[in-house]
Structure formats: structure tokens, C-alpha cells
Amino acid sequence: MKHLIYSLCLIALCYSCGTTKKSSSEEHQAVAIRFNADSAYLFCEQQCQYGPRTMNSDAHEQCGQWIAGKFKQYGCEVELQQADLKGYDGTVLKSTNIIAKTQTRNSSQQSSRILICAHWDSRPWADNDPDSANWHKPVMAANDGASGVGVMLELARLIQQNDSLPVPVDFVCFDAEDWGVPQWSNAYDNNSWALGAQYWAENIRGKGTNYQFGILLDMVGGQGAKFYREDNSMHYARSIVERVWQAAGAAGFGSFFVSKSGGGIVDDHVPVNQQAGIPCIDIINHYPDCQQSNFGPTWHTVNDDMQHLDKNTLEAVGQTLVQLLFQH
């Protein structure tokens with residue numbers, strides 16, 4: 001996906017000057033349920049076996065059916081939200097948001113819920129590749145797409161196996177996130193990204209869905225990845241950022257979650273916040289010392305493949321979410 005980093009000085013100032021202290025009621029012991037990184041890694045690999053899941057391709061269609069089938073296998077009620085969306089270049093994109101709803105013992109469709117989301121499409125152009133000969137090649141998107149879905153599928157599997165989930169979870173796989181304007185184009189359209197999330201947010205707004213909060217997973221499996229506090233997340237849902245970072249510490253993965261600003265990013269969580277009115281944060285990798293991109297050396301390159309995924313990173317994010325969801 002293309003993410004536009006920009007300066008939000010006021011937001012950064014507001015939370016860099018403050019201190020955060022955990023009260024005794026906020027501290028939790030590590031939960032016993034364990035996230036299986038091998039399983040999440042396999043889910044990523046199985047997506048990539050279809051090839052790049054670029055919009056309107058056979059691989060995209062086949063992988064979408066597989067993802068929906070896996071969520072159904074793990075006991076979720078699945079809805080396919082289909083729409084014809086228009087790309088920046090006028091291309092009609094056959095988009096499908098995959099919505100998978102879990103249930104707890106006493107939950108109903110009207111129950112208070114938690115949203116966990118990620119995009120599942122692949123970037124059609126490796127426009128940040130160091131070799132210009134690759135700029136028009138599709139991206140395999142092992143990290144930038146498959147990793148977030150892989151973590152969500154493993155969470156769905158764990159939720160089915162454990163009946164102690166206090167709040168039901170909706171998983172949403174957003175489509176058409178990565179058809180944004182390529183770097184080699186003369187066009188400019190900041191709204192060309194996150195098209196599936198924009199459509200979902202517009203259609204859910206005002207329908208009374210009771211989400212406590214949302215968490216977006218984006219590039220959560222990269223080698224050497226760390227997760228900084230993203231500025232839009234701090235602006236719209238600071239308390240959720242704090243809860244997730246505290247859960248990471250309780251789960252033993254606090255070193256992966258850095259208490260510094262990673263800048264403001266245009267991603268799927270922006271329409272979820274702005275259009276749907278659901279406080280939603282972005283867990284997204286940040287490489288402050290990477291010359292090629294702050295999103296890491298494989299971002300929008302042909303090297304975003306399974307060889308550059310790290311099970312340790314998948315586990316850090318996955319176990320943090322297990323801690324957040326199952327702690328009481």
C-alpha cells in the first residue's frame with residue numbers, strides 16, 4: 001500500500017509532552033492462550049501461493065474465496081461486500097470486502113464488538129523497487145497484505161477453540177487498498193488509496209453498529225520490524241493505542257512496540273475513523289533508519305515475498321492481540 005507520511009506537529013507535541021502511567025487496574029498478567037506463529041506464517045504462504053492478488057485477476061478471485069472459506073471453517077459468519085470501484089486511472093475494480101463475524105456465548109448482532117481489519121489485495125506495481133525495470137511488475141505482498149490477513153485467520157482459529165472471549169470480534173479484509181497512484185505516474189490523488197475501506201465506512205455509517213474500537217494490521221510480519229505510535233491513531237484513538245501497547249508489554253513483546261511517533265499515515269484506518277466514526281488505530285511497521293523507505297526495504301518491491309517474513313514479528317503482533325482480546 002502507499003502511505004503518505006506527513007507532519008502532525010501539534011499531535012506529536014501533545015503526546016510527547018505527556019507521561020503515561022498504568023494504574024494497578026490496567027496491569028494484567030499474560031494470558032495462557034498462545035498465538036501460533038507457524039500457523040499464521042502458513043496462512044501467509046497459502047495466500048502467496050495464488051500469486052500476486054492484484055485487482056481483477058484470477059489470483060485475486062481465487063484467494064478471496066479461500067480467505068472467506070477459512071473464516072467459515074473457524075466458525076465465523078461471513079459476508080462478501082462486493083462493489084465496482086473506480087481506480088485513479090479509471091479502471092473499474094471488482095472489489096470484495098470480506099467480513100467475518102465471531103460470536104461469544106451471549107453475543108448477538110447488536111452486541112458491543114471489536115473490529116480487527118487488514119487489506120488483502122496486492123500492489124499491482126513494484127514502484128518503489130530499486131531496479132526501475134521492476135516498477136511495472138506486481139508485488140507478491142507477503143508482508144504488505146498477506147501478513148495482516150494471516151494474523152487475523154490465526155486469531156479466528158484461536159477464538160473458535162476458546163470460549164472465554166468477553167467481546168465478539170468482527171474481522172474485515174479490505175479490498176482495493178493498494179491501487180493508489182504509482183510513483184512513476186504524473187497523476188496525484190490522495191483518495192486513490194484504501195478504496196475498499198472507504199466503501200465499507202460509507203456503508204456502515206449511521207447503521208447503529210456498536211464497535212468499541214478498531215485495530216488495523218498493516219505489514220505486521222517484516223524482518224526486524226518495530227511498531228511506532230502512528231499520529232492519526234493517537235489523534236482519533238489514543239486510549240486504544242495505550243491499551244495495545246500495554247497489552248504488548250504484558251504479553252512479553254513490549255520491545256516490538258515503540259513509544260515514539262512514527263508519523264501520520266494515510267491507510268485504511270483513516271476512513272474508519274473519519275467516515276464511519278469508529279476509533280481505530282493502525283499497527284504498522286516503521287523503519288526510521290531505512291534509506292529506501294520508512295516502511296522497510298521490501299515495501300512496494302518485488303522482494304516483498306515469503307523469504308522476508310519473520311515468524312517472530314507475526315508472533316509479537318498476534319500474541320499482543322490475544323492478550324488484548326482475552327485478558328479480563
# chains A, B, ... in the order shown; residues from 1 in each chain; ligands from 1

$ residues_around --residues "Gly262 (chain A)" --least-positions-apart "3" --cutoff "8 Å" --atoms "only C-alpha atoms" --output "PyMOL selection string"
chain A and resi 227-231+286+288

$ write_last_selection --atoms "C-alpha atoms" --output "mmCIF file, in the first residue's frame"
data_model
loop_
_atom_site.group_PDB
_atom_site.id
_atom_site.type_symbol
_atom_site.label_atom_id
_atom_site.label_comp_id
_atom_site.auth_asym_id
_atom_site.auth_seq_id
_atom_site.Cartn_x
_atom_site.Cartn_y
_atom_site.Cartn_z
ATOM 1 C CA PHE A 227 5.740 -0.643 15.576
ATOM 2 C CA TYR A 228 5.682 3.044 16.434
ATOM 3 C CA ARG A 229 2.687 5.102 17.522
ATOM 4 C CA GLU A 230 1.059 6.436 14.374
ATOM 5 C CA ASP A 231 -0.157 10.033 14.549
ATOM 6 C CA HIS A 286 8.170 1.699 10.847
ATOM 7 C CA PRO A 288 13.234 5.120 10.841
#

$ select_by_dssp --residues "region 106-303 of chain A" --states "strand (DSSP E)" --output "PyMOL selection string"
chain A and resi 113-119+169-174+211-218+227-229+257-261+280-284

$ closest_atom_pairs --of "region 134-224 of chain A" --to "region 313-324 of chain A" --cutoff "10 Å" --atoms "only C-alpha atoms" --output "tab-separated table"
residue	atom	partner	partner_atom	distance
A:Asn143	CA	A:Leu314	CA	9.9
A:Ser147	CA	A:Leu314	CA	7.5
A:Gly148	CA	A:Leu314	CA	8.8
A:Gly150	CA	A:Leu314	CA	8.6
A:Val151	CA	A:Gly318	CA	6.0
A:Met152	CA	A:Gly318	CA	8.2
A:Glu154	CA	A:Gly318	CA	8.1
A:Leu155	CA	A:Val322	CA	7.3
A:Leu158	CA	A:Val322	CA	8.7
A:Ile159	CA	A:Val322	CA	9.2
A:Leu165	CA	A:Val322	CA	9.7
A:Ile215	CA	A:Leu321	CA	9.3
A:Leu217	CA	A:Val317	CA	8.7
A:Met219	CA	A:Leu314	CA	9.6
A:Val220	CA	A:Leu314	CA	6.1
A:Gly221	CA	A:Leu314	CA	4.9
A:Gly222	CA	A:Thr313	CA	6.5
A:Gln223	CA	A:Thr313	CA	7.0
A:Gly224	CA	A:Thr313	CA	7.6

$ residues_around --residues "region 66-68 of chain A" --least-positions-apart "4" --cutoff "7 Å" --atoms "only C-alpha atoms" --output "list in words"
Gln62, Lys72, Val78 and Ile98 of chain A

$ closest_atom_pairs --of "region 213-319 of chain A" --to "region 197-207 of chain A" --cutoff "7 Å" --atoms "only C-alpha atoms" --output "CSV"
residue,atom,partner,partner_atom,distance
A:Asp268,CA,A:Ala197,CA,5.5
A:Pro271,CA,A:Gln198,CA,5.4
A:Val272,CA,A:Ala201,CA,5.5
A:Gln275,CA,A:Ala201,CA,5.6
A:Ala276,CA,A:Ala201,CA,4.7

$ write_last_selection --atoms "C-alpha atoms" --output "mmCIF file, in the first residue's frame"
data_model
loop_
_atom_site.group_PDB
_atom_site.id
_atom_site.type_symbol
_atom_site.label_atom_id
_atom_site.label_comp_id
_atom_site.auth_asym_id
_atom_site.auth_seq_id
_atom_site.Cartn_x
_atom_site.Cartn_y
_atom_site.Cartn_z
ATOM 1 C CA ASP A 268 -7.459 2.023 5.866
ATOM 2 C CA PRO A 271 -11.928 6.294 6.607
ATOM 3 C CA VAL A 272 -12.838 4.009 9.514
ATOM 4 C CA GLN A 275 -16.291 8.324 7.749
ATOM 5 C CA ALA A 276 -17.546 5.513 9.979
#

$ residues_around --residues "region 116-123 of chain A" --least-positions-apart "4" --cutoff "6 Å" --atoms "only C-alpha atoms" --output "PyMOL selection string"
chain A and resi 52-54+139+141+145+148+171-175+178+214-217

$ residues_around --residues "Ser132 (chain A)" --least-positions-apart "5" --cutoff "12 Å" --atoms "only C-alpha atoms" --output "list in words"
Trp125, Ala126, Asp127, Lys137, Gln183, Trp184, Thr301 and Val302 of chain A
